[in-house]
Amino acid sequence: MRVLFVITARGGSKGVPRKNIRMVGKLPLIAYKIIAARKCNIDKRIIVSTDDEEIAEVSRKYGAEVPFMRPAELATDTAGSMDVVSHAMAWVKEHDQERYDYVCLLEPSSPFASYRDLENALHLIEERNADTLLGMKEVEVSSVFVHTLDENGGLSHFYHAIQQLDNVRRQDQEKEYTMNGCMYIARWDYFETHQSFHSENSLPYIMPDEISIEIDSMNNYQVACIMAENAMIDLSLWE
């Protein structure tokens with residue numbers, strides 16, 4: 001198995017300014033994903049795709065390559081991650097004689113997936129011969145309790161949905177899952193064809209809540225810092 005890790009780190013984050021190089025515990029945020037990928041006991045290449053020179057410098061310090069600067073059109077608020085991954089893959093295909101079996105997108109905003117998680121997920125997708133694998137977590141609130149407001153801004157949609165339930169106890173509802181942003185893995189040829197990490201032949205890698213935190217706001221950032229500073233996460237995994 002040979003894997004290309006693509007770590008995406010735009011300079012212009014708004015919810016948490018300069019998020020990707022802010023400190024979380026003793027490490028800048030982006031270092032968590034770089035170190036996790038670096039410690040994976042697999043054949044790999046680790047590339048950071050960024051438009052920001054300071055992020056590039058920090059990334060190199062922690063062991064990632066930054067062989068190109070991301071084009072401006074892929075560094076806007078509206079640029080999609082799939083386009084960024086496709087750009088990195090095309091660059092590697094043109095400049096690297098090696099060929100890769102899998103591509104793995106890592107987003108710094110979900111920092112606490114360790115190298116053990118990445119190794120386990122990569123072995124799982126290979127063993128099960130799946131097209132893609134996504135990091136997942138169990139949702140706290142079942143979708144049967146999630147609806148839009150009605151045209152008057154009221155709760156009639158909730159009322160009608162709950163009236164149809166045999167049992168409204170949350171703990172009696174079937175477990176549901178959502179992506180946690182920790183990892184997106186695809187077979188190289190599948191992604192090249194579909195430009196997607198979603199497929200019918202896709203697997204979940206289910207992770208606990210404390211590992212699944214996503215930093216998209218200052219509140220999230222402060223929680224992540226508290227977790228790191230109070231050893232709520234095993235930080236030895238990043239040493």
# chains A, B, ... in the order shown; residues from 1 in each chain; ligands from 1
call {"tool": "closest_atom_pairs", "arguments": {"of": "segment 19-125 of chain A", "to": "segment 8-14 of chain A", "cutoff": "8 Å", "atoms": "only C-alpha atoms", "output": "JSON lines"}}
result
{"residue": "A:Lys19", "atom": "CA", "partner": "A:Ser13", "partner_atom": "CA", "distance": 6.4}
{"residue": "A:Asn20", "atom": "CA", "partner": "A:Ala9", "partner_atom": "CA", "distance": 6.4}
{"residue": "A:Ile30", "atom": "CA", "partner": "A:Ala9", "partner_atom": "CA", "distance": 7.7}
{"residue": "A:Val48", "atom": "CA", "partner": "A:Thr8", "partner_atom": "CA", "distance": 5.9}
{"residue": "A:Ser49", "atom": "CA", "partner": "A:Thr8", "partner_atom": "CA", "distance": 5.0}
{"residue": "A:Thr50", "atom": "CA", "partner": "A:Ala9", "partner_atom": "CA", "distance": 5.1}
{"residue": "A:Asp51", "atom": "CA", "partner": "A:Arg10", "partner_atom": "CA", "distance": 6.0}
{"residue": "A:Asp52", "atom": "CA", "partner": "A:Gly11", "partner_atom": "CA", "distance": 5.1}
{"residue": "A:Ile55", "atom": "CA", "partner": "A:Gly11", "partner_atom": "CA", "distance": 7.1}
{"residue": "A:Ala75", "atom": "CA", "partner": "A:Arg10", "partner_atom": "CA", "distance": 6.1}
{"residue": "A:Thr76", "atom": "CA", "partner": "A:Gly12", "partner_atom": "CA", "distance": 7.9}
{"residue": "A:Ser81", "atom": "CA", "partner": "A:Thr8", "partner_atom": "CA", "distance": 7.8}
{"residue": "A:Val84", "atom": "CA", "partner": "A:Thr8", "partner_atom": "CA", "distance": 7.6}
{"residue": "A:Leu105", "atom": "CA", "partner": "A:Thr8", "partner_atom": "CA", "distance": 7.5}
{"residue": "A:Leu106", "atom": "CA", "partner": "A:Thr8", "partner_atom": "CA", "distance": 6.7}
{"residue": "A:Glu107", "atom": "CA", "partner": "A:Thr8", "partner_atom": "CA", "distance": 5.7}
{"residue": "A:Pro108", "atom": "CA", "partner": "A:Ala9", "partner_atom": "CA", "distance": 7.0}
call {"tool": "write_last_selection", "arguments": {"atoms": "N, CA and C atoms", "output": "mmCIF file, in the first residue's frame"}}
result
data_model
loop_
_atom_site.group_PDB
_atom_site.id
_atom_site.type_symbol
_atom_site.label_atom_id
_atom_site.label_comp_id
_atom_site.auth_asym_id
_atom_site.auth_seq_id
_atom_site.Cartn_x
_atom_site.Cartn_y
_atom_site.Cartn_z
ATOM 1 N N LYS A 19 -6.273 29.970 11.941
ATOM 2 C CA LYS A 19 -6.583 28.738 12.666
ATOM 3 C C LYS A 19 -5.507 27.671 12.516
ATOM 4 N N ASN A 20 -5.037 27.453 11.312
ATOM 5 C CA ASN A 20 -4.197 26.288 11.047
ATOM 6 C C ASN A 20 -2.846 26.328 11.744
ATOM 7 N N ILE A 30 -2.050 22.506 12.716
ATOM 8 C CA ILE A 30 -1.727 21.680 11.545
ATOM 9 C C ILE A 30 -0.739 20.570 11.876
ATOM 10 N N VAL A 48 1.309 19.206 2.065
ATOM 11 C CA VAL A 48 0.393 20.247 2.520
ATOM 12 C C VAL A 48 0.082 21.152 1.340
ATOM 13 N N SER A 49 -1.195 21.340 1.078
ATOM 14 C CA SER A 49 -1.644 22.266 0.038
ATOM 15 C C SER A 49 -2.097 23.552 0.711
ATOM 16 N N THR A 50 -1.346 24.625 0.506
ATOM 17 C CA THR A 50 -1.652 25.898 1.143
ATOM 18 C C THR A 50 -1.305 27.053 0.212
ATOM 19 N N ASP A 51 -1.932 28.172 0.482
ATOM 20 C CA ASP A 51 -1.642 29.406 -0.252
ATOM 21 C C ASP A 51 -0.843 30.368 0.608
ATOM 22 N N ASP A 52 -0.435 29.936 1.804
ATOM 23 C CA ASP A 52 0.096 30.829 2.825
ATOM 24 C C ASP A 52 1.540 30.450 3.170
ATOM 25 N N ILE A 55 2.083 29.221 6.884
ATOM 26 C CA ILE A 55 1.612 27.841 7.049
ATOM 27 C C ILE A 55 2.599 26.875 6.409
ATOM 28 N N ALA A 75 -8.008 28.950 -3.346
ATOM 29 C CA ALA A 75 -7.798 29.426 -1.976
ATOM 30 C C ALA A 75 -8.887 30.397 -1.536
ATOM 31 N N THR A 76 -10.015 30.395 -2.238
ATOM 32 C CA THR A 76 -11.126 31.279 -1.885
ATOM 33 C C THR A 76 -12.078 30.573 -0.921
ATOM 34 N N SER A 81 -12.970 21.322 -1.455
ATOM 35 C CA SER A 81 -11.864 20.429 -1.085
ATOM 36 C C SER A 81 -11.552 19.426 -2.181
ATOM 37 N N VAL A 84 -9.221 20.901 -4.590
ATOM 38 C CA VAL A 84 -7.884 21.035 -4.000
ATOM 39 C C VAL A 84 -7.154 19.688 -4.028
ATOM 40 N N LEU A 105 -7.319 12.570 2.364
ATOM 41 C CA LEU A 105 -7.471 13.984 2.698
ATOM 42 C C LEU A 105 -7.521 14.134 4.210
ATOM 43 N N LEU A 106 -6.655 14.992 4.745
ATOM 44 C CA LEU A 106 -6.638 15.312 6.171
ATOM 45 C C LEU A 106 -6.853 16.811 6.331
ATOM 46 N N GLU A 107 -7.850 17.172 7.123
ATOM 47 C CA GLU A 107 -8.144 18.580 7.390
ATOM 48 C C GLU A 107 -7.692 18.927 8.807
ATOM 49 N N PRO A 108 -6.861 19.941 8.981
ATOM 50 C CA PRO A 108 -6.349 20.270 10.311
ATOM 51 C C PRO A 108 -7.427 20.588 11.335
#
call {"tool": "closest_atom_pairs", "arguments": {"of": "segment 106-149 of chain A", "to": "segment 208-213 of chain A", "cutoff": "7 Å", "atoms": "only C-alpha atoms", "output": "JSON lines"}}
result
{"residue": "A:Ser110", "atom": "CA", "partner": "A:Ile213", "partner_atom": "CA", "distance": 5.9}
{"residue": "A:Phe112", "atom": "CA", "partner": "A:Ile211", "partner_atom": "CA", "distance": 5.1}
{"residue": "A:Ala113", "atom": "CA", "partner": "A:Ile211", "partner_atom": "CA", "distance": 6.2}
{"residue": "A:Lys137", "atom": "CA", "partner": "A:Pro208", "partner_atom": "CA", "distance": 6.2}
call {"tool": "write_last_selection", "arguments": {"atoms": "N, CA and C atoms", "output": "JSON list (two decimals), in the first residue's frame"}}
result
[["chain", "number", "residue", "atom", "x", "y", "z"],
["A", 110, "SER", "N", -9.88, 19.02, 12.34],
["A", 110, "SER", "CA", -10.21, 17.87, 13.19],
["A", 110, "SER", "C", -8.91, 17.22, 13.62],
["A", 112, "PHE", "N", -7.54, 15.48, 16.30],
["A", 112, "PHE", "CA", -7.20, 14.45, 17.27],
["A", 112, "PHE", "C", -7.27, 13.01, 16.75],
["A", 113, "ALA", "N", -7.33, 12.82, 15.43],
["A", 113, "ALA", "CA", -7.17, 11.48, 14.87],
["A", 113, "ALA", "C", -5.68, 11.16, 14.88],
["A", 137, "LYS", "N", -18.75, 9.72, 13.35],
["A", 137, "LYS", "CA", -19.09, 9.71, 14.76],
["A", 137, "LYS", "C", -20.60, 9.52, 14.90]]
call {"tool": "closest_atom_pairs", "arguments": {"of": "segment 44-89 of chain A", "to": "segment 96-103 of chain A", "cutoff": "12 Å", "atoms": "only C-alpha atoms", "output": "Markdown table"}}
result
| residue | atom | partner | partner_atom | distance |
| --- | --- | --- | --- | --- |
| A:Lys44 | CA | A:Tyr100 | CA | 8.4 |
| A:Arg45 | CA | A:Tyr100 | CA | 9.1 |
| A:Ile46 | CA | A:Val103 | CA | 10.2 |
| A:Ile47 | CA | A:Val103 | CA | 10.9 |
| A:Pro67 | CA | A:Asp96 | CA | 11.0 |
| A:Met82 | CA | A:Val103 | CA | 11.5 |
| A:Val85 | CA | A:Val103 | CA | 8.5 |
| A:Ser86 | CA | A:Val103 | CA | 9.9 |
| A:Ala88 | CA | A:Val103 | CA | 10.0 |
| A:Met89 | CA | A:Val103 | CA | 8.2 |
call {"tool": "closest_residue", "arguments": {"among": "A:Pro17, A:Gly80, A:Gly181, A:Pro111", "to": "Ser196 of chain A", "atoms": "only C-alpha atoms"}}
result
A:Gly80
call {"tool": "closest_residue", "arguments": {"among": "A:Leu122, A:Ala37, A:Ile233, A:Ala186", "to": "Tyr205 of chain A", "atoms": "only C-alpha atoms"}}
result
A:Leu122
call {"tool": "residues_around", "arguments": {"residues": "Lys26 of chain A", "least_positions_apart": "3", "cutoff": "10 Å", "atoms": "only C-alpha atoms", "output": "ChimeraX atom specification"}}
result
/A:23,29,31,225,228-229,235
call {"tool": "residues_around", "arguments": {"residues": "Lys61 of chain A", "least_positions_apart": "3", "cutoff": "12 Å", "atoms": "only C-alpha atoms", "output": "list in words"}}
result
Ile21, Leu27, Pro28, Ile30, Ala31, Ile34, Ile35, Val48, Glu54, Ile55, Ala56, Glu57, Val58, Ala64, Glu65 and Val66 of chain A
call {"tool": "write_last_selection", "arguments": {"atoms": "C-alpha atoms", "output": "PDB file, in the first residue's frame"}}
result
ATOM      1  CA  ILE A  21      -1.135  27.587  12.890  1.00  0.00           C
ATOM      2  CA  LEU A  27       1.539  22.155  18.936  1.00  0.00           C
ATOM      3  CA  PRO A  28       0.187  24.342  16.150  1.00  0.00           C
ATOM      4  CA  ILE A  30      -1.727  21.680  11.545  1.00  0.00           C
ATOM      5  CA  ALA A  31       1.064  19.751  13.266  1.00  0.00           C
ATOM      6  CA  ILE A  34       1.254  16.117   9.905  1.00  0.00           C
ATOM      7  CA  ILE A  35       2.671  14.127  12.824  1.00  0.00           C
ATOM      8  CA  VAL A  48       0.393  20.247   2.520  1.00  0.00           C
ATOM      9  CA  GLU A  54       3.716  31.022   7.099  1.00  0.00           C
ATOM     10  CA  ILE A  55       1.612  27.841   7.049  1.00  0.00           C
ATOM     11  CA  ALA A  56       4.090  26.379   4.559  1.00  0.00           C
ATOM     12  CA  GLU A  57       7.008  27.170   6.867  1.00  0.00           C
ATOM     13  CA  VAL A  58       5.312  25.590   9.906  1.00  0.00           C
ATOM     14  CA  ALA A  64       5.507  17.707   5.607  1.00  0.00           C
ATOM     15  CA  GLU A  65       6.372  18.689   2.062  1.00  0.00           C
ATOM     16  CA  VAL A  66       5.033  21.863   0.504  1.00  0.00           C
TER      17      VAL A  66
END
call {"tool": "closest_residue", "arguments": {"among": "A:Cys182, A:Leu124, A:Val24, A:Leu165", "to": "Asn220 of chain A", "atoms": "only C-alpha atoms"}}
result
A:Val24
call {"tool": "closest_residue", "arguments": {"among": "A:Thr178, A:Arg187, A:Ser143, A:Gly63", "to": "Ala161 of chain A", "atoms": "only C-alpha atoms"}}
result
A:Ser143
call {"tool": "residues_around", "arguments": {"residues": "Tyr190 of chain A", "least_positions_apart": "6", "cutoff": "9 Å", "atoms": "only C-alpha atoms", "output": "list in words"}}
result
Asp131, Thr132, Ser196 and Phe197 of chain A
call {"tool": "write_last_selection", "arguments": {"atoms": "N, CA and C atoms", "output": "compact mmCIF listing (two decimals), in the first residue's frame"}}
result
# COMPACT_ATOMS: atom_id res chain seq x y z
N ASP A 131 -14.13 1.31 -1.98
CA ASP A 131 -13.70 2.45 -2.80
C ASP A 131 -13.27 3.62 -1.94
N THR A 132 -14.01 3.85 -0.84
CA THR A 132 -13.74 5.01 0.00
C THR A 132 -13.99 4.65 1.46
N SER A 196 -14.50 12.33 -5.78
CA SER A 196 -15.37 12.24 -4.61
C SER A 196 -14.84 11.21 -3.63
N PHE A 197 -15.10 11.45 -2.34
CA PHE A 197 -14.82 10.47 -1.31
C PHE A 197 -16.07 9.70 -0.92
call {"tool": "select_by_dssp", "arguments": {"residues": "segment 38-234 of chain A", "states": "strand (DSSP E)", "output": "compact mmCIF listing (two decimals) with N, CA and C atoms, in the first residue's frame"}}
result
# COMPACT_ATOMS: atom_id res chain seq x y z
N ASP A 43 3.95 3.06 3.52
CA ASP A 43 4.68 3.77 2.47
C ASP A 43 3.84 4.99 2.08
N LYS A 44 4.41 6.19 2.16
CA LYS A 44 3.58 7.38 2.05
C LYS A 44 4.37 8.58 1.56
N ARG A 45 3.61 9.58 1.13
CA ARG A 45 4.12 10.92 0.89
C ARG A 45 3.13 11.89 1.52
N ILE A 46 3.62 12.91 2.20
CA ILE A 46 2.77 13.85 2.92
C ILE A 46 2.94 15.23 2.32
N ILE A 47 1.86 15.76 1.76
CA ILE A 47 1.90 17.07 1.12
C ILE A 47 0.90 18.00 1.79
N VAL A 48 1.31 19.21 2.07
CA VAL A 48 0.39 20.25 2.52
C VAL A 48 0.08 21.15 1.34
N SER A 49 -1.20 21.34 1.08
CA SER A 49 -1.64 22.27 0.04
C SER A 49 -2.10 23.55 0.71
N TYR A 102 -3.76 4.87 -2.75
CA TYR A 102 -4.82 5.60 -2.06
C TYR A 102 -4.44 7.07 -1.90
N VAL A 103 -5.46 7.91 -1.84
CA VAL A 103 -5.28 9.30 -1.45
C VAL A 103 -6.08 9.52 -0.18
N CYS A 104 -5.49 10.23 0.77
CA CYS A 104 -6.14 10.49 2.05
C CYS A 104 -6.13 11.99 2.32
N LEU A 105 -7.32 12.57 2.36
CA LEU A 105 -7.47 13.98 2.70
C LEU A 105 -7.52 14.13 4.21
N LEU A 106 -6.66 14.99 4.75
CA LEU A 106 -6.64 15.31 6.17
C LEU A 106 -6.85 16.81 6.33
N THR A 132 -14.01 3.85 -0.84
CA THR A 132 -13.74 5.01 0.00
C THR A 132 -13.99 4.65 1.46
N LEU A 133 -13.46 5.48 2.33
CA LEU A 133 -13.68 5.35 3.79
C LEU A 133 -13.74 6.75 4.38
N LEU A 134 -14.68 6.94 5.31
CA LEU A 134 -14.87 8.25 5.94
C LEU A 134 -14.80 8.12 7.45
N GLY A 135 -14.14 9.07 8.10
CA GLY A 135 -14.19 9.18 9.55
C GLY A 135 -15.60 9.59 9.97
N MET A 136 -16.16 8.87 10.96
CA MET A 136 -17.55 9.09 11.36
C MET A 136 -17.65 9.15 12.88
N LYS A 137 -18.75 9.72 13.35
CA LYS A 137 -19.09 9.71 14.76
C LYS A 137 -20.60 9.52 14.90
N GLU A 138 -21.01 8.99 16.05
CA GLU A 138 -22.44 8.86 16.32
C GLU A 138 -23.02 10.24 16.63
N TYR A 177 -25.20 8.19 12.26
CA TYR A 177 -23.81 8.64 12.22
C TYR A 177 -23.65 9.79 11.24
N THR A 178 -22.62 10.58 11.48
CA THR A 178 -22.28 11.66 10.56
C THR A 178 -20.77 11.74 10.42
N MET A 179 -20.31 12.38 9.37
CA MET A 179 -18.87 12.55 9.17
C MET A 179 -18.29 13.45 10.26
N ASN A 180 -17.08 13.13 10.69
CA ASN A 180 -16.44 13.95 11.73
C ASN A 180 -15.28 14.79 11.19
N GLY A 181 -14.98 14.67 9.91
CA GLY A 181 -13.92 15.50 9.32
C GLY A 181 -12.51 15.02 9.60
N CYS A 182 -12.35 13.89 10.29
CA CYS A 182 -11.01 13.45 10.68
C CYS A 182 -10.21 12.86 9.53
N MET A 183 -10.89 12.19 8.60
CA MET A 183 -10.17 11.56 7.49
C MET A 183 -11.13 11.24 6.36
N TYR A 184 -10.62 11.35 5.15
CA TYR A 184 -11.35 10.94 3.95
C TYR A 184 -10.36 10.17 3.09
N ILE A 185 -10.66 8.91 2.82
CA ILE A 185 -9.73 8.06 2.08
C ILE A 185 -10.44 7.50 0.84
N ALA A 186 -9.72 7.45 -0.26
CA ALA A 186 -10.26 6.85 -1.49
C ALA A 186 -9.16 6.12 -2.24
N ARG A 187 -9.58 5.07 -2.94
CA ARG A 187 -8.65 4.48 -3.89
C ARG A 187 -8.29 5.53 -4.93
N SER A 202 -18.57 2.22 0.29
CA SER A 202 -17.82 3.06 1.23
C SER A 202 -17.94 2.50 2.63
N LEU A 203 -16.90 2.72 3.44
CA LEU A 203 -16.87 2.22 4.81
C LEU A 203 -16.81 3.36 5.81
N PRO A 204 -17.37 3.15 7.02
CA PRO A 204 -17.18 4.11 8.10
C PRO A 204 -15.99 3.70 8.97
N TYR A 205 -15.29 4.68 9.49
CA TYR A 205 -14.35 4.44 10.58
C TYR A 205 -14.89 5.27 11.75
N ILE A 206 -15.55 4.57 12.67
CA ILE A 206 -16.31 5.26 13.72
C ILE A 206 -15.39 5.61 14.88
call {"tool": "residues_around", "arguments": {"residues": "segment 119-121 of chain A", "least_positions_apart": "2", "cutoff": "8 Å", "atoms": "only C-alpha atoms", "output": "ChimeraX atom specification"}}
result
/A:40-42,115-117,123-125,133,205
